[in-house]
Amino acid sequence: ASRAAPLRQAAVDALKRSIDHTKAAGADLMCGPLFQGLGRFTGRAPEKDEWDFAVETLREAGKYADSLGVTLALEPLNRFEMYLVNTMAEGARFVREVGLPNVGLLADTHHGNIEENDVAEAWRNTGPSIKHVHISENNRGVPGSGHAIRPEVFEALEQIGYDGWLTIEAFGMTVPGLISRLHLWRSFSEHNDDAARLGIDFIRNQLKAR
C-alpha cells in the first residue's frame, strides 16, 4: 500500500488538473470512468483496499471540484473495460461512501445493456445519484439502430425527475486513435454525421412519446 501511495497522489493531481480545465472551459460538470484506470485489470475482483483507496481519491478530487463549483459524474463501465464498478447499484454505493453532494453517476445505456438485468429499473433505483446520461447504442453506432436504448429508459428518466443533458455517445472510423482502444473494426452508419443527425431525431421522438 505504501508503494502505491505516490500513484494515488498522482491520480488526485491528474483529476485536479482536469477539474481546473473543466472550470477554465466554462463548464460545471466533469464526467467519465474515474474510478480506476481504463482497461487495467488485476485478474481478480476488486479488493476492499482497492475500493477504499478509490473512494478516498474521488473524495479528495470531489472536494476540490466543489470548491470550484464543478460536479463529478462517475461512469460505471462494463466488465471488459473496468473491474471496480460495473453496475449502477455498485456506483451508487461508491458515491454514498464518497459522501459529497457534487459527486454522482453518469448513466450509460451501452454499459447498462451489458451489465444490468433491467436498465430502466437500475436507473430508477439510483435516480438521486444520476448527474449525466449517455445515450449510446449496443454497437456504439446510431442511437435507435440497435437494441440498447429502450423506451423504458426515457420513462425512467421522467419518473426520477432527471432534467440534465442526454448526450449521444457514438463512435466511427474517423478518429484513428480510438479505433484500437474501443475495438471499432467496422462502420455502423453510411454517413459520418448519422449518429448526431439521426440520433437526435430518435431522442426527440422518444421524449415526445412520453
# chains A, B, ... in the order shown; residues from 1 in each chain; ligands from 1
$ residues_around --residues "Leu29 of chain A" --least-positions-apart "6" --cutoff "8 Å" --atoms "only C-alpha atoms" --output "JSON, numbers by chain"
{"A": [22, 70, 71, 72, 73]}
$ select_by_dssp --residues "chain A" --states "strand (DSSP E or B)" --output "PDB file with N, CA, C and O atoms, in the first residue's frame"
ATOM      1  N   LEU A  29     -19.498  20.505 -15.112  1.00  0.00           N
ATOM      2  CA  LEU A  29     -19.688  19.062 -14.962  1.00  0.00           C
ATOM      3  C   LEU A  29     -18.526  18.331 -15.627  1.00  0.00           C
ATOM      4  O   LEU A  29     -18.218  18.584 -16.800  1.00  0.00           O
ATOM      5  N   MET A  30     -17.874  17.433 -14.894  1.00  0.00           N
ATOM      6  CA  MET A  30     -16.819  16.596 -15.442  1.00  0.00           C
ATOM      7  C   MET A  30     -17.241  15.138 -15.325  1.00  0.00           C
ATOM      8  O   MET A  30     -17.580  14.670 -14.231  1.00  0.00           O
ATOM      9  N   CYS A  31     -17.242  14.431 -16.438  1.00  0.00           N
ATOM     10  CA  CYS A  31     -17.775  13.069 -16.485  1.00  0.00           C
ATOM     11  C   CYS A  31     -16.703  12.070 -16.875  1.00  0.00           C
ATOM     12  O   CYS A  31     -15.717  12.422 -17.521  1.00  0.00           O
ATOM     13  N   GLY A  32     -16.948  10.825 -16.532  1.00  0.00           N
ATOM     14  CA  GLY A  32     -16.100   9.764 -17.035  1.00  0.00           C
ATOM     15  C   GLY A  32     -15.915   8.625 -16.065  1.00  0.00           C
ATOM     16  O   GLY A  32     -16.353   8.681 -14.907  1.00  0.00           O
ATOM     17  N   THR A  71     -19.267  19.647 -10.669  1.00  0.00           N
ATOM     18  CA  THR A  71     -19.838  18.362 -10.294  1.00  0.00           C
ATOM     19  C   THR A  71     -19.096  17.248 -11.023  1.00  0.00           C
ATOM     20  O   THR A  71     -18.716  17.401 -12.188  1.00  0.00           O
ATOM     21  N   LEU A  72     -18.893  16.129 -10.342  1.00  0.00           N
ATOM     22  CA  LEU A  72     -18.284  14.949 -10.948  1.00  0.00           C
ATOM     23  C   LEU A  72     -19.349  13.885 -11.186  1.00  0.00           C
ATOM     24  O   LEU A  72     -20.101  13.549 -10.267  1.00  0.00           O
ATOM     25  N   ALA A  73     -19.416  13.378 -12.399  1.00  0.00           N
ATOM     26  CA  ALA A  73     -20.335  12.290 -12.731  1.00  0.00           C
ATOM     27  C   ALA A  73     -19.499  11.070 -13.099  1.00  0.00           C
ATOM     28  O   ALA A  73     -18.861  11.039 -14.158  1.00  0.00           O
ATOM     29  N   LEU A  74     -19.479  10.080 -12.227  1.00  0.00           N
ATOM     30  CA  LEU A  74     -18.637   8.893 -12.387  1.00  0.00           C
ATOM     31  C   LEU A  74     -19.396   7.834 -13.188  1.00  0.00           C
ATOM     32  O   LEU A  74     -20.548   7.532 -12.893  1.00  0.00           O
ATOM     33  N   VAL A 103     -20.769  14.770  -6.159  1.00  0.00           N
ATOM     34  CA  VAL A 103     -20.215  13.560  -6.782  1.00  0.00           C
ATOM     35  C   VAL A 103     -21.345  12.562  -6.995  1.00  0.00           C
ATOM     36  O   VAL A 103     -21.948  12.081  -6.027  1.00  0.00           O
ATOM     37  N   GLY A 104     -21.653  12.286  -8.244  1.00  0.00           N
ATOM     38  CA  GLY A 104     -22.726  11.355  -8.575  1.00  0.00           C
ATOM     39  C   GLY A 104     -22.317  10.440  -9.708  1.00  0.00           C
ATOM     40  O   GLY A 104     -21.135  10.144  -9.891  1.00  0.00           O
ATOM     41  N   LEU A 105     -23.309   9.999 -10.486  1.00  0.00           N
ATOM     42  CA  LEU A 105     -23.079   8.986 -11.512  1.00  0.00           C
ATOM     43  C   LEU A 105     -23.453   9.471 -12.902  1.00  0.00           C
ATOM     44  O   LEU A 105     -24.322  10.327 -13.069  1.00  0.00           O
ATOM     45  N   LEU A 106     -22.787   8.891 -13.882  1.00  0.00           N
ATOM     46  CA  LEU A 106     -23.165   9.010 -15.278  1.00  0.00           C
ATOM     47  C   LEU A 106     -23.814   7.684 -15.665  1.00  0.00           C
ATOM     48  O   LEU A 106     -23.194   6.623 -15.552  1.00  0.00           O
ATOM     49  N   ALA A 107     -25.061   7.740 -16.117  1.00  0.00           N
ATOM     50  CA  ALA A 107     -25.784   6.535 -16.550  1.00  0.00           C
ATOM     51  C   ALA A 107     -25.623   6.372 -18.056  1.00  0.00           C
ATOM     52  O   ALA A 107     -25.828   7.327 -18.811  1.00  0.00           O
ATOM     53  N   ASP A 108     -25.249   5.174 -18.489  1.00  0.00           N
ATOM     54  CA  ASP A 108     -24.928   4.925 -19.894  1.00  0.00           C
ATOM     55  C   ASP A 108     -25.676   3.687 -20.380  1.00  0.00           C
ATOM     56  O   ASP A 108     -25.558   2.610 -19.796  1.00  0.00           O
ATOM     57  N   ILE A 130     -27.879  10.204 -10.257  1.00  0.00           N
ATOM     58  CA  ILE A 130     -27.591  10.422 -11.671  1.00  0.00           C
ATOM     59  C   ILE A 130     -27.417  11.905 -11.970  1.00  0.00           C
ATOM     60  O   ILE A 130     -28.325  12.705 -11.773  1.00  0.00           O
ATOM     61  N   LYS A 131     -26.226  12.256 -12.455  1.00  0.00           N
ATOM     62  CA  LYS A 131     -25.892  13.641 -12.787  1.00  0.00           C
ATOM     63  C   LYS A 131     -25.791  13.869 -14.298  1.00  0.00           C
ATOM     64  O   LYS A 131     -25.817  15.011 -14.754  1.00  0.00           O
ATOM     65  N   HIS A 132     -25.639  12.792 -15.070  1.00  0.00           N
ATOM     66  CA  HIS A 132     -25.470  12.922 -16.517  1.00  0.00           C
ATOM     67  C   HIS A 132     -25.864  11.597 -17.164  1.00  0.00           C
ATOM     68  O   HIS A 132     -25.844  10.543 -16.506  1.00  0.00           O
ATOM     69  N   VAL A 133     -26.233  11.652 -18.444  1.00  0.00           N
ATOM     70  CA  VAL A 133     -26.704  10.454 -19.153  1.00  0.00           C
ATOM     71  C   VAL A 133     -26.049  10.364 -20.522  1.00  0.00           C
ATOM     72  O   VAL A 133     -25.980  11.355 -21.262  1.00  0.00           O
ATOM     73  N   HIS A 134     -25.556   9.174 -20.853  1.00  0.00           N
ATOM     74  CA  HIS A 134     -25.081   8.863 -22.196  1.00  0.00           C
ATOM     75  C   HIS A 134     -26.119   8.004 -22.901  1.00  0.00           C
ATOM     76  O   HIS A 134     -26.486   6.931 -22.402  1.00  0.00           O
ATOM     77  N   ILE A 135     -26.557   8.467 -24.050  1.00  0.00           N
ATOM     78  CA  ILE A 135     -27.411   7.674 -24.926  1.00  0.00           C
ATOM     79  C   ILE A 135     -26.495   7.007 -25.936  1.00  0.00           C
ATOM     80  O   ILE A 135     -25.960   7.647 -26.847  1.00  0.00           O
ATOM     81  N   LEU A 166     -28.887  14.820 -22.161  1.00  0.00           N
ATOM     82  CA  LEU A 166     -28.856  13.498 -22.772  1.00  0.00           C
ATOM     83  C   LEU A 166     -27.825  13.589 -23.892  1.00  0.00           C
ATOM     84  O   LEU A 166     -28.075  14.207 -24.928  1.00  0.00           O
ATOM     85  N   THR A 167     -26.666  13.009 -23.678  1.00  0.00           N
ATOM     86  CA  THR A 167     -25.551  13.151 -24.610  1.00  0.00           C
ATOM     87  C   THR A 167     -25.397  11.897 -25.457  1.00  0.00           C
ATOM     88  O   THR A 167     -25.304  10.791 -24.925  1.00  0.00           O
ATOM     89  N   ILE A 168     -25.390  12.073 -26.774  1.00  0.00           N
ATOM     90  CA  ILE A 168     -25.149  10.945 -27.660  1.00  0.00           C
ATOM     91  C   ILE A 168     -23.680  10.556 -27.570  1.00  0.00           C
ATOM     92  O   ILE A 168     -22.791  11.385 -27.760  1.00  0.00           O
TER      93      ILE A 168
END
$ closest_atom_pairs --of "segment 31-132 of chain A" --to "segment 141-159 of chain A" --cutoff "12 Å" --atoms "only C-alpha atoms" --output "CSV"
residue,atom,partner,partner_atom,distance
A:Ala107,CA,A:Val153,CA,10.2
A:Asp108,CA,A:Ile149,CA,9.6
A:Thr109,CA,A:Ile149,CA,6.1
A:His110,CA,A:Ala148,CA,6.1
A:His111,CA,A:Ala148,CA,9.0
A:Gly112,CA,A:Ala148,CA,8.1
A:Asn113,CA,A:Ala148,CA,5.5
A:Ile114,CA,A:Ala148,CA,8.8
A:Glu115,CA,A:Ala148,CA,11.4
A:Glu116,CA,A:Ala148,CA,11.1
A:Asp118,CA,A:Val153,CA,9.5
A:Val119,CA,A:Val153,CA,6.9
A:Ala120,CA,A:Val153,CA,4.6
A:Glu121,CA,A:Ala156,CA,7.3
A:Ala122,CA,A:Ala156,CA,9.1
A:Trp123,CA,A:Ala156,CA,6.6
A:Arg124,CA,A:Ala156,CA,5.7
A:Asn125,CA,A:Ala156,CA,9.4
A:Thr126,CA,A:Ala156,CA,10.4
A:Gly127,CA,A:Leu157,CA,7.9
A:Pro128,CA,A:Leu157,CA,10.8
A:Ile130,CA,A:Leu157,CA,9.5
A:Lys131,CA,A:Leu157,CA,11.2
A:His132,CA,A:Leu157,CA,10.7
$ select_by_dssp --residues "segment 4-184 of chain A" --states "helix (DSSP H, G or I)" --output "VMD selection string"
chain A and resid 5 to 24 48 to 67 88 to 98 109 to 115 119 to 125 127 to 129 151 to 160 176 to 182
$ residues_around --residues "segment 5-17 of chain A" --least-positions-apart "4" --cutoff "12 Å" --atoms "only C-alpha atoms" --output "number ranges by chain"
A: 1, 21-24, 30-37, 50, 52-68, 70, 72
$ residues_around --residues "Ser189 of chain A" --least-positions-apart "4" --cutoff "12 Å" --atoms "only C-alpha atoms" --output "CSV table (one decimal) with N, CA, C and O atoms, in the first residue's frame"
chain,number,residue,atom,x,y,z
A,139,ASN,N,-23.9,-1.2,-30.3
A,139,ASN,CA,-22.8,-1.3,-31.2
A,139,ASN,C,-22.0,0.1,-31.3
A,139,ASN,O,-21.1,0.2,-32.1
A,140,ARG,N,-22.4,1.0,-30.5
A,140,ARG,CA,-21.8,2.4,-30.4
A,140,ARG,C,-22.1,3.2,-31.7
A,140,ARG,O,-21.5,4.2,-32.0
A,141,GLY,N,-23.1,2.7,-32.5
A,141,GLY,CA,-23.4,3.4,-33.7
A,141,GLY,C,-24.6,4.4,-33.5
A,141,GLY,O,-24.7,5.0,-32.4
A,142,VAL,N,-25.4,4.5,-34.5
A,142,VAL,CA,-26.5,5.5,-34.5
A,142,VAL,C,-27.6,5.1,-33.4
A,142,VAL,O,-28.1,4.0,-33.4
A,143,PRO,N,-27.9,6.0,-32.5
A,143,PRO,CA,-28.9,5.7,-31.5
A,143,PRO,C,-30.2,5.4,-32.1
A,143,PRO,O,-30.7,6.1,-33.1
A,144,GLY,N,-30.8,4.3,-31.7
A,144,GLY,CA,-32.1,3.9,-32.3
A,144,GLY,C,-31.9,2.8,-33.3
A,144,GLY,O,-32.9,2.1,-33.7
A,145,SER,N,-30.7,2.5,-33.7
A,145,SER,CA,-30.4,1.5,-34.7
A,145,SER,C,-30.2,0.1,-34.2
A,145,SER,O,-30.2,-0.9,-34.9
A,146,GLY,N,-30.0,0.0,-32.8
A,146,GLY,CA,-29.8,-1.3,-32.2
A,146,GLY,C,-30.8,-1.6,-31.2
A,146,GLY,O,-32.0,-1.2,-31.3
A,170,ALA,N,-21.4,8.1,-29.5
A,170,ALA,CA,-21.3,7.2,-30.6
A,170,ALA,C,-19.9,7.4,-31.3
A,170,ALA,O,-19.3,8.4,-31.1
A,171,PHE,N,-19.4,6.3,-31.9
A,171,PHE,CA,-18.1,6.3,-32.5
A,171,PHE,C,-18.1,5.8,-33.9
A,171,PHE,O,-18.9,5.0,-34.3
A,172,GLY,N,-17.1,6.3,-34.6
A,172,GLY,CA,-17.0,5.9,-36.0
A,172,GLY,C,-15.5,5.6,-36.3
A,172,GLY,O,-14.7,5.5,-35.4
A,173,MET,N,-15.2,5.6,-37.6
A,173,MET,CA,-13.9,5.2,-38.0
A,173,MET,C,-13.0,6.5,-38.4
A,173,MET,O,-11.9,6.4,-38.9
A,174,THR,N,-13.5,7.7,-38.0
A,174,THR,CA,-12.8,8.9,-38.4
A,174,THR,C,-11.8,9.4,-37.5
A,174,THR,O,-11.0,10.3,-37.8
A,193,ASP,N,-22.0,11.8,-40.1
A,193,ASP,CA,-22.9,12.6,-39.1
A,193,ASP,C,-24.2,11.9,-38.8
A,193,ASP,O,-25.1,12.5,-38.2
A,194,ASP,N,-24.3,10.6,-39.2
A,194,ASP,CA,-25.6,9.9,-38.9
A,194,ASP,C,-25.9,9.8,-37.5
A,194,ASP,O,-27.1,9.9,-37.0
A,195,ALA,N,-24.9,9.6,-36.6
A,195,ALA,CA,-25.1,9.4,-35.2
A,195,ALA,C,-25.7,10.7,-34.6
A,195,ALA,O,-26.7,10.6,-33.8
A,196,ALA,N,-25.2,11.8,-35.0
A,196,ALA,CA,-25.8,13.1,-34.5
A,196,ALA,C,-27.1,13.4,-35.1
A,196,ALA,O,-28.1,13.7,-34.4
A,197,ARG,N,-27.2,13.3,-36.4
A,197,ARG,CA,-28.4,13.8,-37.2
A,197,ARG,C,-29.5,12.9,-36.9
A,197,ARG,O,-30.6,13.3,-36.6
A,198,LEU,N,-29.3,11.6,-37.0
A,198,LEU,CA,-30.4,10.6,-36.8
A,198,LEU,C,-30.6,10.4,-35.3
A,198,LEU,O,-31.8,10.1,-34.9
A,199,GLY,N,-29.6,10.4,-34.5
A,199,GLY,CA,-29.7,10.2,-33.1
A,199,GLY,C,-30.5,11.2,-32.4
A,199,GLY,O,-31.3,10.9,-31.5
$ decode --residues "segment 121-154 of chain A" --atoms "C-alpha atoms" --output "PDB file, in the first residue's frame"
ATOM      1  CA  GLU A 121     -35.073  -0.269 -13.163  1.00  0.00           C
ATOM      2  CA  ALA A 122     -31.396   0.256 -12.352  1.00  0.00           C
ATOM      3  CA  TRP A 123     -31.760   3.931 -13.242  1.00  0.00           C
ATOM      4  CA  ARG A 124     -34.937   4.306 -11.196  1.00  0.00           C
ATOM      5  CA  ASN A 125     -33.236   2.734  -8.192  1.00  0.00           C
ATOM      6  CA  THR A 126     -30.273   5.097  -8.397  1.00  0.00           C
ATOM      7  CA  GLY A 127     -32.095   8.200  -9.628  1.00  0.00           C
ATOM      8  CA  PRO A 128     -30.843  10.646  -6.968  1.00  0.00           C
ATOM      9  CA  SER A 129     -27.247   9.823  -7.915  1.00  0.00           C
ATOM     10  CA  ILE A 130     -27.591  10.422 -11.671  1.00  0.00           C
ATOM     11  CA  LYS A 131     -25.892  13.641 -12.787  1.00  0.00           C
ATOM     12  CA  HIS A 132     -25.470  12.922 -16.517  1.00  0.00           C
ATOM     13  CA  VAL A 133     -26.704  10.454 -19.153  1.00  0.00           C
ATOM     14  CA  HIS A 134     -25.081   8.863 -22.196  1.00  0.00           C
ATOM     15  CA  ILE A 135     -27.411   7.674 -24.926  1.00  0.00           C
ATOM     16  CA  SER A 136     -25.240   5.015 -26.549  1.00  0.00           C
ATOM     17  CA  GLU A 137     -26.214   2.071 -28.714  1.00  0.00           C
ATOM     18  CA  ASN A 138     -25.108  -1.525 -28.140  1.00  0.00           C
ATOM     19  CA  ASN A 139     -22.795  -1.268 -31.177  1.00  0.00           C
ATOM     20  CA  ARG A 140     -21.790   2.360 -30.435  1.00  0.00           C
ATOM     21  CA  GLY A 141     -23.450   3.393 -33.702  1.00  0.00           C
ATOM     22  CA  VAL A 142     -26.527   5.480 -34.467  1.00  0.00           C
ATOM     23  CA  PRO A 143     -28.897   5.736 -31.466  1.00  0.00           C
ATOM     24  CA  GLY A 144     -32.073   3.851 -32.277  1.00  0.00           C
ATOM     25  CA  SER A 145     -30.430   1.481 -34.749  1.00  0.00           C
ATOM     26  CA  GLY A 146     -29.774  -1.259 -32.189  1.00  0.00           C
ATOM     27  CA  HIS A 147     -31.395  -2.714 -29.082  1.00  0.00           C
ATOM     28  CA  ALA A 148     -29.675  -0.968 -26.150  1.00  0.00           C
ATOM     29  CA  ILE A 149     -31.785   2.192 -25.953  1.00  0.00           C
ATOM     30  CA  ARG A 150     -35.239   1.106 -24.894  1.00  0.00           C
ATOM     31  CA  PRO A 151     -38.241   3.430 -24.456  1.00  0.00           C
ATOM     32  CA  GLU A 152     -38.290   2.402 -20.800  1.00  0.00           C
ATOM     33  CA  VAL A 153     -35.079   4.323 -20.064  1.00  0.00           C
ATOM     34  CA  PHE A 154     -36.730   7.574 -21.110  1.00  0.00           C
TER      35      PHE A 154
END
